[in-house]
>>> print(open('model35.txt').read())   # compact mmCIF, C-alpha atoms
# COMPACT_ATOMS: atom_id res chain seq x y z
CA MET A 277 61.94 -133.98 149.56
CA ALA A 278 64.26 -133.80 152.53
CA ARG A 279 65.31 -130.27 151.59
CA LYS A 280 61.66 -129.12 151.47
CA THR A 281 60.95 -130.61 154.86
CA ILE A 282 63.97 -128.88 156.39
CA ARG A 283 62.94 -125.50 154.80
CA ASP A 284 59.37 -125.79 156.09
CA LYS A 285 60.67 -126.64 159.53
CA ARG A 286 62.94 -123.56 159.61
CA GLN A 287 60.12 -121.26 158.42
CA LYS A 288 57.81 -122.68 161.09
CA GLU A 289 60.46 -122.01 163.74
CA GLN A 290 60.84 -118.38 162.54
CA ASN A 291 57.10 -117.67 162.40
CA GLY A 292 56.43 -119.31 165.71
CA PRO A 293 53.49 -121.44 166.56
CA LYS A 294 50.31 -120.78 164.53
CA LYS A 295 47.67 -118.79 166.45
CA LYS A 296 44.34 -120.37 166.90
CA ALA A 297 41.19 -118.50 165.91
CA GLY A 298 39.90 -118.54 169.46
CA SER A 299 43.12 -117.45 171.16
CA PHE A 300 43.25 -114.24 173.27
CA SER A 301 45.74 -112.46 170.99
CA GLU A 302 43.58 -113.05 167.95
CA ARG A 303 40.54 -111.73 169.77
CA TRP A 304 42.50 -108.67 170.87
CA ARG A 305 43.63 -108.03 167.30
CA ARG A 306 40.07 -108.21 166.00
CA PHE A 307 38.86 -105.96 168.83
CA LYS A 308 41.41 -103.29 167.89
CA LEU A 309 40.39 -103.49 164.23
CA THR A 310 36.77 -103.04 165.29
CA LEU A 311 37.70 -99.97 167.36
CA VAL A 312 39.55 -98.39 164.44
CA HIS A 313 36.64 -99.09 162.12
CA ASN A 314 34.08 -97.72 164.58
CA ARG A 315 36.24 -94.66 165.27
CA THR A 316 36.29 -93.87 161.56
CA ASN A 317 32.53 -94.24 161.40
CA LEU A 318 32.12 -92.00 164.45
CA ARG A 319 34.24 -89.29 162.86
CA SER A 320 32.19 -89.48 159.69
CA LEU A 321 28.98 -89.28 161.69
CA ALA A 322 30.33 -86.32 163.66
CA LEU A 323 31.21 -84.45 160.46
CA VAL A 324 27.78 -85.15 158.98
CA PHE A 325 26.12 -83.99 162.20
CA ALA A 326 28.22 -80.80 162.31
CA PHE A 327 27.43 -79.87 158.71
CA SER A 328 23.76 -80.62 159.33
CA CYS A 329 23.74 -78.31 162.35
CA ILE A 330 25.42 -75.54 160.34
CA ALA A 331 22.86 -75.92 157.56
CA VAL A 332 19.96 -75.87 160.03
CA PHE A 333 21.29 -72.82 161.90
CA THR A 334 21.98 -70.96 158.65
CA ALA A 335 18.50 -71.70 157.32
CA SER A 336 16.91 -70.69 160.62
CA GLY A 337 18.99 -67.50 160.62
CA PHE A 338 17.74 -66.53 157.17
CA THR A 339 14.20 -67.45 158.18
CA HIS A 340 14.46 -65.34 161.33
CA ALA A 341 15.91 -62.37 159.43
CA HIS A 342 13.14 -62.62 156.85
CA HIS A 343 10.55 -62.83 159.61
CA VAL A 344 11.99 -59.76 161.33
CA GLN A 345 11.90 -57.83 158.05
CA GLN A 346 8.29 -58.85 157.46
CA VAL A 347 7.25 -57.83 160.97
CA ARG A 348 9.05 -54.51 160.58
CA ALA A 349 7.46 -53.87 157.19
CA MET A 350 4.02 -54.58 158.66
CA THR A 351 4.48 -52.22 161.61
CA VAL A 352 6.70 -49.29 160.57
CA SER A 353 7.34 -47.24 157.45
CA ALA A 354 10.67 -46.41 155.83
CA VAL A 355 11.96 -42.90 156.63
CA ASN A 356 15.17 -40.95 156.04
CA LYS A 357 16.10 -43.37 153.27
CA THR A 358 18.38 -42.30 150.42
CA LEU A 359 16.80 -42.76 146.99
CA THR A 360 18.94 -42.99 143.86
CA PHE A 361 17.53 -42.62 140.35
CA SER A 362 18.49 -45.42 137.98
CA LYS A 363 20.08 -43.50 135.09
CA THR A 364 20.95 -39.96 136.19
CA GLY A 365 22.19 -40.96 139.63
CA ASN A 366 20.18 -38.09 141.13
CA THR A 367 19.61 -38.63 144.83
CA ALA A 368 16.76 -37.74 147.15
CA ARG A 369 15.74 -38.52 150.72
CA LEU A 370 12.50 -40.13 151.80
CA GLU A 371 11.15 -37.97 154.62
CA PRO A 372 8.77 -38.97 157.46
CA GLN A 373 5.20 -39.40 156.23
CA PHE A 374 1.94 -37.85 157.45
CA ARG A 375 -1.64 -39.02 157.26
CA HIS A 376 -5.13 -37.98 158.26
CA GLY A 377 -8.28 -39.85 157.37
CA ASP A 378 -7.86 -41.35 153.91
CA LEU A 379 -5.05 -38.96 152.90
CA THR A 380 -1.39 -39.98 153.06
CA VAL A 381 1.40 -37.48 152.35
CA ILE A 382 4.83 -38.83 151.37
CA PRO A 383 7.44 -36.03 151.39
CA ILE A 384 10.66 -36.25 149.37
CA LYS A 385 13.70 -33.96 149.51
CA PHE A 386 15.92 -33.87 146.42
CA ASP A 387 19.63 -33.43 146.95
CA SER A 388 20.82 -29.89 146.29
CA ASN A 389 23.40 -31.19 143.80
CA SER A 390 20.83 -33.15 141.77
CA SER A 391 19.50 -31.78 138.49
CA PHE A 392 15.90 -32.76 139.20
CA ALA A 393 12.86 -31.68 137.21
CA THR A 394 11.09 -28.73 138.84
CA SER A 395 7.80 -29.42 137.06
CA ALA A 396 5.50 -32.10 138.46
CA SER A 397 4.31 -33.00 134.94
CA LYS A 398 7.69 -34.67 134.30
CA TYR A 399 7.03 -37.35 136.92
CA LYS A 400 4.80 -40.40 137.02
CA VAL A 401 4.15 -42.51 140.12
CA PHE A 402 3.40 -46.23 140.19
CA PHE A 403 2.06 -48.36 143.04
CA LYS A 404 2.15 -52.08 143.78
CA GLU A 405 1.26 -54.08 146.87
CA SER A 406 4.09 -56.00 148.53
CA ILE A 407 1.81 -58.72 149.94
CA SER A 408 -0.79 -60.12 147.56
CA LYS A 409 -3.57 -60.39 150.14
CA TYR A 410 -3.38 -56.64 150.84
CA LYS A 411 -4.83 -55.27 147.62
CA ILE A 412 -4.53 -51.59 146.79
CA PRO A 413 -7.99 -49.99 146.97
CA THR A 414 -9.27 -47.39 144.55
CA ILE A 415 -6.95 -44.42 144.94
CA LYS A 416 -6.16 -41.04 143.47
CA THR A 417 -2.69 -39.56 143.49
CA SER A 418 -1.03 -36.20 143.02
CA PHE A 419 2.69 -35.58 142.70
CA VAL A 420 3.64 -32.10 143.88
CA VAL A 421 6.94 -30.29 143.28
CA PHE A 422 7.62 -27.10 145.22
CA GLY A 423 9.65 -25.39 142.52
CA SER A 424 13.41 -25.31 142.94
CA THR A 425 13.29 -25.70 146.74
CA GLY A 426 14.08 -29.41 146.35
CA TYR A 427 10.94 -30.47 148.19
CA ALA A 428 8.28 -32.68 146.62
CA ALA A 429 5.43 -34.84 147.88
CA ILE A 430 3.20 -37.71 146.84
CA MET A 431 -0.38 -37.28 147.99
CA VAL A 432 -2.40 -40.51 148.01
CA TYR A 433 -6.16 -40.35 148.47
CA GLY A 434 -7.64 -43.69 149.53
CA ASP A 435 -8.04 -45.97 152.54
CA LEU A 436 -4.73 -47.79 152.25
CA PRO A 437 -4.18 -50.87 154.45
CA LYS A 438 -1.57 -51.18 157.18
CA ALA A 439 0.82 -53.11 154.97
CA PRO A 440 3.97 -52.42 152.94
CA LEU A 441 3.29 -50.52 149.73
CA GLN A 442 5.77 -50.34 146.84
CA ILE A 443 6.15 -47.00 145.08
CA LEU A 444 8.12 -46.22 141.93
CA ILE A 445 8.77 -42.66 140.75
CA ARG A 446 9.71 -42.22 137.10
CA ASP A 447 11.35 -39.00 135.92
CA ASP A 448 10.49 -38.41 132.26
CA MET A 449 12.68 -35.34 131.86
CA PRO A 450 14.97 -35.89 128.82
CA ILE A 451 18.52 -36.80 129.76
CA SER A 452 20.80 -34.73 127.55
CA THR A 453 24.44 -33.81 127.19
CA VAL A 454 26.10 -31.04 125.24
CA ASP A 455 27.44 -32.00 121.81
CA PHE A 456 29.93 -29.41 120.59
CA ASN A 457 29.63 -30.73 117.02
CA ASP A 458 25.89 -30.14 116.96
CA ASN A 459 24.63 -26.60 116.47
CA SER A 460 21.39 -27.41 118.28
CA GLY A 461 23.33 -27.74 121.53
CA ASP A 462 21.63 -30.76 123.10
CA VAL A 463 21.61 -34.40 122.12
CA ASP A 464 19.25 -36.97 123.62
CA ASN A 465 21.21 -39.35 125.82
CA SER A 466 18.25 -41.27 127.22
CA ASN A 467 19.20 -44.58 125.60
CA GLY A 468 20.70 -47.33 127.73
CA THR A 469 19.59 -49.01 130.92
CA GLY A 470 19.81 -48.51 134.63
CA LYS A 471 18.83 -50.55 137.67
CA VAL A 472 16.02 -50.06 140.13
CA ASP A 473 15.12 -52.20 143.16
CA PHE A 474 11.45 -53.03 142.80
CA ASP A 475 9.21 -55.96 143.63
CA GLY A 476 11.90 -57.62 145.73
CA ARG A 477 14.68 -57.66 143.15
CA SER A 478 17.04 -55.44 141.19
CA GLN A 479 15.66 -54.88 137.71
CA LYS A 480 17.14 -53.33 134.59
CA VAL A 481 15.07 -50.47 133.22
CA ASN A 482 15.48 -48.13 130.26
CA PHE A 483 14.11 -45.10 132.12
CA ASP A 484 15.16 -42.90 135.03
CA ALA A 485 13.41 -44.02 138.20
CA THR A 486 13.72 -44.81 141.87
CA ALA A 487 11.64 -47.07 144.09
CA PHE A 488 10.96 -47.60 147.78
CA ARG A 489 8.46 -49.11 150.20
CA ILE A 490 6.38 -47.45 152.87
CA ASN A 491 3.64 -48.50 155.25
CA PRO A 492 0.87 -45.87 155.01
CA LYS A 493 -0.40 -46.73 158.49
CA GLY A 494 2.89 -47.64 160.10
CA ASN A 495 3.40 -46.88 163.77
CA ASN A 496 5.89 -44.15 162.89
CA VAL A 497 3.61 -42.36 160.41
CA LYS A 498 2.45 -39.17 162.09
CA THR A 499 -1.20 -38.18 162.20
CA ASP A 500 -1.57 -34.51 161.29
CA LYS A 501 -5.08 -33.06 161.38
CA SER A 502 -3.94 -30.00 159.44
CA ILE A 503 -3.70 -31.97 156.17
CA SER A 504 -6.82 -32.46 154.08
CA ARG A 505 -8.02 -32.87 150.50
CA THR A 506 -8.84 -29.16 150.30
CA MET A 507 -5.57 -27.82 151.67
CA SER A 508 -3.67 -25.27 149.60
CA MET A 509 -0.14 -25.71 148.27
CA SER A 510 1.08 -23.20 150.86
CA GLN A 511 -0.49 -25.24 153.64
CA LEU A 512 0.98 -28.46 152.27
CA TYR A 513 4.44 -26.90 152.00
CA SER A 514 4.10 -25.63 155.56
CA VAL A 515 3.45 -29.17 156.82
CA ILE A 516 6.27 -30.71 154.79
CA ALA A 517 9.00 -28.12 155.16
CA GLY A 518 7.79 -24.59 155.86
CA LYS A 519 7.12 -24.88 159.59
CA GLU A 520 10.39 -26.68 160.19
CA ARG A 521 12.42 -24.20 158.12
CA ILE A 522 10.80 -21.23 159.85
CA ALA A 523 11.42 -22.83 163.26
CA LYS A 524 15.10 -23.39 162.39
CA ALA A 525 15.44 -19.81 161.15
CA LYS A 526 13.92 -18.51 164.39
CA LYS A 527 16.22 -20.65 166.53
CA HIS A 528 19.22 -19.44 164.54
CA LEU A 529 18.16 -15.83 165.06
CA ILE A 530 17.65 -16.42 168.80
CA ARG A 531 21.13 -17.94 169.12
CA LEU A 532 22.68 -14.99 167.30
CA ASN A 533 20.83 -12.46 169.46
CA TYR A 534 21.97 -14.27 172.60
CA ALA A 535 25.59 -14.41 171.41
CA GLN A 536 25.44 -10.72 170.54
CA SER A 537 24.10 -9.81 174.00
CA GLN A 538 26.81 -11.90 175.69
CA ASN A 539 29.45 -10.17 173.61
CA LEU A 540 28.13 -6.72 174.61
CA LYS A 541 28.04 -7.80 178.26
CA ALA A 542 31.67 -8.91 178.07
CA GLU A 543 32.65 -5.62 176.43
CA HIS A 544 31.04 -3.61 179.26
CA GLN A 545 32.90 -5.70 181.84
CA TYR A 546 36.22 -5.04 180.10
CA TYR A 547 35.50 -1.29 180.09
CA SER A 548 34.84 -1.41 183.85
CA GLN A 549 38.15 -3.21 184.42
CA LEU A 550 39.91 -0.66 182.21
CA GLU A 551 38.58 2.25 184.30
CA GLN A 552 39.94 0.69 187.51
CA ILE A 553 43.40 0.06 186.02
CA ASN A 554 43.49 3.57 184.53
CA LYS A 555 42.82 5.03 187.99
CA ALA A 556 45.56 2.87 189.50
CA LEU A 557 47.99 4.11 186.84
CA GLY A 558 46.93 7.74 187.22
CA ARG A 559 45.30 7.83 183.81
CA PRO A 560 41.91 9.29 182.89
CA ALA A 561 39.14 6.74 183.55
CA ASP A 562 38.06 6.66 179.90
CA ASP A 563 41.61 6.49 178.49
CA THR A 564 41.76 3.83 175.74
CA GLN A 565 45.14 4.87 174.37
CA ASP A 566 47.27 1.87 173.41
CA ASP A 567 50.84 2.50 174.64
CA SER A 568 52.21 -0.94 173.81
CA ASP A 569 54.57 0.56 171.21
CA SER A 570 55.59 3.50 173.37
CA ASP A 571 59.24 3.86 174.44
CA SER A 572 58.29 5.49 177.73
CA ALA A 573 59.02 3.24 180.68
CA ASN A 574 56.52 2.60 183.42
CA ALA A 575 57.34 1.38 186.90
CA ASN A 576 54.26 -0.88 187.21
CA THR A 577 54.68 -3.24 184.25
CA THR A 578 52.12 -5.77 185.61
CA LEU A 579 49.28 -3.25 185.51
CA GLU A 580 50.39 -2.06 182.09
CA ASN A 581 50.35 -5.63 180.76
CA ASN A 582 46.88 -6.19 182.19
CA ARG A 583 45.75 -2.94 180.64
CA GLN A 584 47.04 -3.98 177.21
CA ASN A 585 45.24 -7.34 177.49
CA ILE A 586 41.97 -5.62 178.34
CA LEU A 587 42.35 -3.22 175.41
CA SER A 588 42.92 -6.22 173.14
CA ASN A 589 39.78 -7.93 174.49
CA ILE A 590 37.74 -4.77 173.95
CA GLU A 591 38.95 -4.59 170.36
CA THR A 592 37.93 -8.25 169.82
CA CYS A 593 34.47 -7.59 171.28
CA GLN A 594 33.99 -4.58 169.02
CA SER A 595 34.94 -6.67 165.99
CA ASN A 596 32.52 -9.40 167.09
CA THR A 597 29.78 -6.80 167.52
CA GLU A 598 30.08 -5.82 163.87
CA GLN A 599 29.96 -9.46 162.76
CA TYR A 600 26.98 -10.28 164.98
CA THR A 601 25.12 -7.22 163.71
CA ASP A 602 25.56 -8.36 160.11
CA ALA A 603 24.65 -11.96 160.99
CA VAL A 604 21.49 -10.92 162.83
CA GLN A 605 20.36 -8.78 159.92
CA SER A 606 21.01 -11.66 157.52
CA ALA A 607 19.11 -14.11 159.75
CA LYS A 608 16.14 -11.75 159.95
CA ALA A 609 16.12 -11.46 156.17
CA ASP A 610 16.29 -15.26 155.78
CA LEU A 611 13.40 -15.71 158.19
CA GLN A 612 11.32 -13.16 156.34
CA GLN A 613 12.16 -14.76 152.99
CA THR A 614 11.21 -18.21 154.30
CA LYS A 615 7.83 -16.90 155.40
CA ILE A 616 7.27 -15.21 152.04
CA LEU A 617 8.25 -18.40 150.18
CA GLU A 618 5.73 -20.43 152.15
CA LYS A 619 2.92 -18.00 151.37
CA SER A 620 3.83 -17.87 147.67
CA MET A 621 3.65 -21.66 147.14
CA ASP A 622 0.09 -21.45 145.81
CA GLY A 623 1.47 -19.94 142.61
CA TYR A 624 4.93 -21.50 142.74
CA ALA A 625 4.31 -25.23 143.24
CA THR A 626 3.12 -27.57 140.48
CA ALA A 627 1.02 -30.73 140.72
CA SER A 628 0.41 -33.69 138.43
CA SER A 629 -2.01 -36.62 138.57
CA ARG A 630 0.04 -39.03 136.45
CA TYR A 631 0.06 -42.36 138.24
CA GLY A 632 -0.54 -46.06 137.72
CA VAL A 633 -1.20 -49.20 139.75
CA PHE A 634 0.52 -52.50 138.94
CA GLU A 635 -1.68 -55.58 139.22
>>> encode(input="model35.txt", output="structure tokens")
Amino acid sequence: MARKTIRDKRQKEQNGPKKKAGSFSERWRRFKLTLVHNRTNLRSLALVFAFSCIAVFTASGFTHAHHVQQVRAMTVSAVNKTLTFSKTGNTARLEPQFRHGDLTVIPIKFDSNSSFATSASKYKVFFKESISKYKIPTIKTSFVVFGSTGYAAIMVYGDLPKAPLQILIRDDMPISTVDFNDNSGDVDNSNGTGKVDFDGRSQKVNFDATAFRINPKGNNVKTDKSISRTMSMSQLYSVIAGKERIAKAKKHLIRLNYAQSQNLKAEHQYYSQLEQINKALGRPADDTQDDSDSDSANANTTLENNRQNILSNIETCQSNTEQYTDAVQSAKADLQQTKILEKSMDGYATASSRYGVFE
């Protein structure tokens, strides 16, 4: 008993006097614990708040982007867009559209490296509204292919609303490859699937097609009074490509003629300079003899060097004259051929009325 009392006394001396619950040190200890606990809670709240802000900003960003896309789709039409067919990989470009009255013309330019069908009967066009409240009215459609020029057009007859319109073009031309083990030469290779972006998502299809959206009455759709239901193929081709191609050919010819005239002007100036130097050297005024390889010495080497430079420039101008003459003749022939091609489209282009409207 005595030993236990002594041990308890020593332990009490080591631990010091027992702190009362209401003492200052005990209150301070509890206050610090409270601070640590609250600090942890504050950090947790801060993290939750930060993640909430990120989520809200991200959602608002997507909402804003979607709103911008909707506004754009309701006001402008897609132009200069690259179109890729789902199975063949053939590419085309969506050109600026035209409209007048209830007629909308949608030009397309196939890539020169694409093996596209040159007959309109091989294509079928499908339509679908992008916004359900803007229903597609009763329409008629023609798909026109201007032979092997690479130009085509969709002609839509109907009072289409100012709203995004989905269009799908299907190419029904058989996809074939050469089989060297088959005497017939071609084997159908149209099986398999490809992908086409339509109705807001990428879809697998077992046919060759491409899709895009336009706004028939978008702010960037040009009004052209020259287009009408009764226009000829030549007139349609002129609106889509003919006028522009002829204008480019004319500009090219004008540039060549100007360059040719400048070259002739420079050549005349060099001849005038040559006459003056020839007189200074005691040569005949029209002397064009090149003495650069001659062994005869001349006292005035500076004039001789200038003379040789002028002769070299004259030779260059004469060579350019031959090239410009050939280029001008070629440009004139191209311009004439472009005009003939435009006039011959009535018997060269093909049209098809194969189309459908998705509900």
>>> closest_residue(input="model35.txt", among="A:Ile384, A:Val355, A:Cys593, A:Met621", to="Lys541 in chain A", atoms="only C-alpha atoms")
A:Cys593
>>> closest_residue(input="model35.txt", among="A:Leu512, A:Val420, A:Ile586, A:Leu532", to="Asn554 in chain A", atoms="all atoms listed in the file")
A:Ile586
>>> residues_near_point(input="model35.txt", point="(-3.3, -34.8, 157.6)", cutoff="9 Å", atoms="all atoms listed in the file", output="list in words")
Phe374, Arg375, His376, Gly377, Asp378, Leu379, Thr380, Val381, Lys498, Thr499, Asp500, Lys501, Ser502, Ile503, Ser504, Arg505 and Val515 of chain A
>>> residues_near_point(input="model35.txt", point="(22.3, -43.5, 134.9)", cutoff="12 Å", atoms="only C-alpha atoms", output="ChimeraX atom specification")
/A:360-367,447,451-452,465-472,480-486
>>> atom_distance(input="model35.txt", atom1="CA of Arg369 in chain A", atom2="CA of Thr506 in chain A")
26.3 Å
>>> atom_distance(input="model35.txt", atom1="CA of Asp435 in chain A", atom2="CA of Thr417 in chain A")
12.3 Å
>>> residues_around(input="model35.txt", residues="range 428-434 of chain A", least_positions_apart="2", cutoff="10 Å", atoms="only C-alpha atoms", output="mmCIF file with C-alpha atoms, in the frame of the given file")
data_model
loop_
_atom_site.group_PDB
_atom_site.id
_atom_site.type_symbol
_atom_site.label_atom_id
_atom_site.label_comp_id
_atom_site.auth_asym_id
_atom_site.auth_seq_id
_atom_site.Cartn_x
_atom_site.Cartn_y
_atom_site.Cartn_z
ATOM 1 C CA ALA A 368 16.760 -37.740 147.150
ATOM 2 C CA LEU A 370 12.500 -40.130 151.800
ATOM 3 C CA GLU A 371 11.150 -37.970 154.620
ATOM 4 C CA GLN A 373 5.200 -39.400 156.230
ATOM 5 C CA PHE A 374 1.940 -37.850 157.450
ATOM 6 C CA ARG A 375 -1.640 -39.020 157.260
ATOM 7 C CA GLY A 377 -8.280 -39.850 157.370
ATOM 8 C CA ASP A 378 -7.860 -41.350 153.910
ATOM 9 C CA LEU A 379 -5.050 -38.960 152.900
ATOM 10 C CA THR A 380 -1.390 -39.980 153.060
ATOM 11 C CA VAL A 381 1.400 -37.480 152.350
ATOM 12 C CA ILE A 382 4.830 -38.830 151.370
ATOM 13 C CA PRO A 383 7.440 -36.030 151.390
ATOM 14 C CA ILE A 384 10.660 -36.250 149.370
ATOM 15 C CA LYS A 385 13.700 -33.960 149.510
ATOM 16 C CA PHE A 386 15.920 -33.870 146.420
ATOM 17 C CA THR A 394 11.090 -28.730 138.840
ATOM 18 C CA ALA A 396 5.500 -32.100 138.460
ATOM 19 C CA VAL A 401 4.150 -42.510 140.120
ATOM 20 C CA ILE A 412 -4.530 -51.590 146.790
ATOM 21 C CA PRO A 413 -7.990 -49.990 146.970
ATOM 22 C CA THR A 414 -9.270 -47.390 144.550
ATOM 23 C CA ILE A 415 -6.950 -44.420 144.940
ATOM 24 C CA LYS A 416 -6.160 -41.040 143.470
ATOM 25 C CA THR A 417 -2.690 -39.560 143.490
ATOM 26 C CA SER A 418 -1.030 -36.200 143.020
ATOM 27 C CA PHE A 419 2.690 -35.580 142.700
ATOM 28 C CA VAL A 420 3.640 -32.100 143.880
ATOM 29 C CA VAL A 421 6.940 -30.290 143.280
ATOM 30 C CA PHE A 422 7.620 -27.100 145.220
ATOM 31 C CA GLY A 423 9.650 -25.390 142.520
ATOM 32 C CA SER A 424 13.410 -25.310 142.940
ATOM 33 C CA THR A 425 13.290 -25.700 146.740
ATOM 34 C CA GLY A 426 14.080 -29.410 146.350
ATOM 35 C CA LEU A 436 -4.730 -47.790 152.250
ATOM 36 C CA PRO A 437 -4.180 -50.870 154.450
ATOM 37 C CA ILE A 443 6.150 -47.000 145.080
ATOM 38 C CA ILE A 445 8.770 -42.660 140.750
ATOM 39 C CA PRO A 492 0.870 -45.870 155.010
ATOM 40 C CA SER A 504 -6.820 -32.460 154.080
ATOM 41 C CA ARG A 505 -8.020 -32.870 150.500
ATOM 42 C CA LEU A 512 0.980 -28.460 152.270
ATOM 43 C CA TYR A 513 4.440 -26.900 152.000
ATOM 44 C CA ILE A 516 6.270 -30.710 154.790
ATOM 45 C CA ALA A 517 9.000 -28.120 155.160
ATOM 46 C CA ALA A 625 4.310 -25.230 143.240
ATOM 47 C CA THR A 626 3.120 -27.570 140.480
ATOM 48 C CA ALA A 627 1.020 -30.730 140.720
ATOM 49 C CA SER A 628 0.410 -33.690 138.430
ATOM 50 C CA SER A 629 -2.010 -36.620 138.570
#
>>> residues_around(input="model35.txt", residues="Thr614 in chain A", least_positions_apart="4", cutoff="10 Å", atoms="all atoms listed in the file", output="list in words")
Gly518, Lys519, Arg521, Ile522, Ala525, Lys608, Ala609, Asp610, Glu618, Lys619 and Ser620 of chain A
>>> write_last_selection(input="model35.txt", atoms="C-alpha atoms", output="PDB file, in the frame of the given file")
ATOM      1  CA  GLY A 518       7.790 -24.590 155.860  1.00  0.00           C
ATOM      2  CA  LYS A 519       7.120 -24.880 159.590  1.00  0.00           C
ATOM      3  CA  ARG A 521      12.420 -24.200 158.120  1.00  0.00           C
ATOM      4  CA  ILE A 522      10.800 -21.230 159.850  1.00  0.00           C
ATOM      5  CA  ALA A 525      15.440 -19.810 161.150  1.00  0.00           C
ATOM      6  CA  LYS A 608      16.140 -11.750 159.950  1.00  0.00           C
ATOM      7  CA  ALA A 609      16.120 -11.460 156.170  1.00  0.00           C
ATOM      8  CA  ASP A 610      16.290 -15.260 155.780  1.00  0.00           C
ATOM      9  CA  GLU A 618       5.730 -20.430 152.150  1.00  0.00           C
ATOM     10  CA  LYS A 619       2.920 -18.000 151.370  1.00  0.00           C
ATOM     11  CA  SER A 620       3.830 -17.870 147.670  1.00  0.00           C
TER      12      SER A 620
END
>>> atom_distance(input="model35.txt", atom1="CA of Tyr631 in chain A", atom2="CA of Glu520 in chain A")
28.9 Å
>>> closest_residue(input="model35.txt", among="A:Glu598, A:Leu611, A:Gly632, A:Ser408", to="Asn539 in chain A", atoms="only C-alpha atoms")
A:Glu598
>>> closest_residue(input="model35.txt", among="A:Tyr624, A:Tyr534, A:Phe474, A:Tyr546", to="Phe403 in chain A", atoms="all atoms listed in the file")
A:Phe474
>>> closest_residue(input="model35.txt", among="A:Ala487, A:Leu444, A:Ala354, A:Ile530", to="Ala603 in chain A", atoms="all atoms listed in the file")
A:Ile530
>>> closest_residue(input="model35.txt", among="A:Glu635, A:Glu551, A:Glu543, A:Glu580", to="Ser595 in chain A", atoms="all atoms listed in the file")
A:Glu543
>>> axis_aligned_box(input="model35.txt", around="range 529-542 of chain A", padding_each_side="6 Å", output="JSON")
{"center_x": 24.7, "center_y": -12.3, "center_z": 171.7, "size_x": 26.0, "size_y": 23.2, "size_z": 25.2}
>>> build_atoms(input="model35.txt", residues="range 492-496 of chain A", atoms="all heavy atoms", output="PDB file, in the frame of the given file")
ATOM      1  N   PRO A 492       1.684 -47.083 154.827  1.00  0.00           N
ATOM      2  CA  PRO A 492       0.870 -45.870 155.010  1.00  0.00           C
ATOM      3  C   PRO A 492       0.310 -45.700 156.417  1.00  0.00           C
ATOM      4  O   PRO A 492       0.030 -44.578 156.837  1.00  0.00           O
ATOM      5  CB  PRO A 492      -0.265 -46.052 153.990  1.00  0.00           C
ATOM      6  CG  PRO A 492       0.270 -47.019 152.994  1.00  0.00           C
ATOM      7  CD  PRO A 492       1.171 -47.935 153.753  1.00  0.00           C
ATOM      8  N   LYS A 493       0.138 -46.808 157.130  1.00  0.00           N
ATOM      9  CA  LYS A 493      -0.400 -46.730 158.490  1.00  0.00           C
ATOM     10  C   LYS A 493       0.586 -47.308 159.496  1.00  0.00           C
ATOM     11  O   LYS A 493       0.190 -47.859 160.526  1.00  0.00           O
ATOM     12  CB  LYS A 493      -1.741 -47.454 158.570  1.00  0.00           C
ATOM     13  CG  LYS A 493      -2.846 -46.768 157.770  1.00  0.00           C
ATOM     14  CD  LYS A 493      -4.183 -47.475 157.917  1.00  0.00           C
ATOM     15  CE  LYS A 493      -5.268 -46.743 157.132  1.00  0.00           C
ATOM     16  NZ  LYS A 493      -6.576 -47.436 157.212  1.00  0.00           N
ATOM     17  N   GLY A 494       1.867 -47.172 159.185  1.00  0.00           N
ATOM     18  CA  GLY A 494       2.890 -47.640 160.100  1.00  0.00           C
ATOM     19  C   GLY A 494       2.859 -46.887 161.416  1.00  0.00           C
ATOM     20  O   GLY A 494       2.344 -45.762 161.501  1.00  0.00           O
ATOM     21  N   ASN A 495       3.419 -47.502 162.437  1.00  0.00           N
ATOM     22  CA  ASN A 495       3.400 -46.880 163.770  1.00  0.00           C
ATOM     23  C   ASN A 495       4.153 -45.562 163.815  1.00  0.00           C
ATOM     24  O   ASN A 495       3.914 -44.737 164.699  1.00  0.00           O
ATOM     25  CB  ASN A 495       3.988 -47.851 164.795  1.00  0.00           C
ATOM     26  CG  ASN A 495       3.170 -49.124 164.924  1.00  0.00           C
ATOM     27  OD1 ASN A 495       2.004 -49.166 164.538  1.00  0.00           O
ATOM     28  ND2 ASN A 495       3.779 -50.176 165.453  1.00  0.00           N
ATOM     29  N   ASN A 496       5.104 -45.382 162.893  1.00  0.00           N
ATOM     30  CA  ASN A 496       5.890 -44.150 162.890  1.00  0.00           C
ATOM     31  C   ASN A 496       5.378 -43.111 161.899  1.00  0.00           C
ATOM     32  O   ASN A 496       6.042 -42.099 161.665  1.00  0.00           O
ATOM     33  CB  ASN A 496       7.358 -44.461 162.595  1.00  0.00           C
ATOM     34  CG  ASN A 496       7.550 -45.156 161.256  1.00  0.00           C
ATOM     35  OD1 ASN A 496       6.622 -45.756 160.716  1.00  0.00           O
ATOM     36  ND2 ASN A 496       8.751 -45.079 160.714  1.00  0.00           N
TER      37      ASN A 496
END
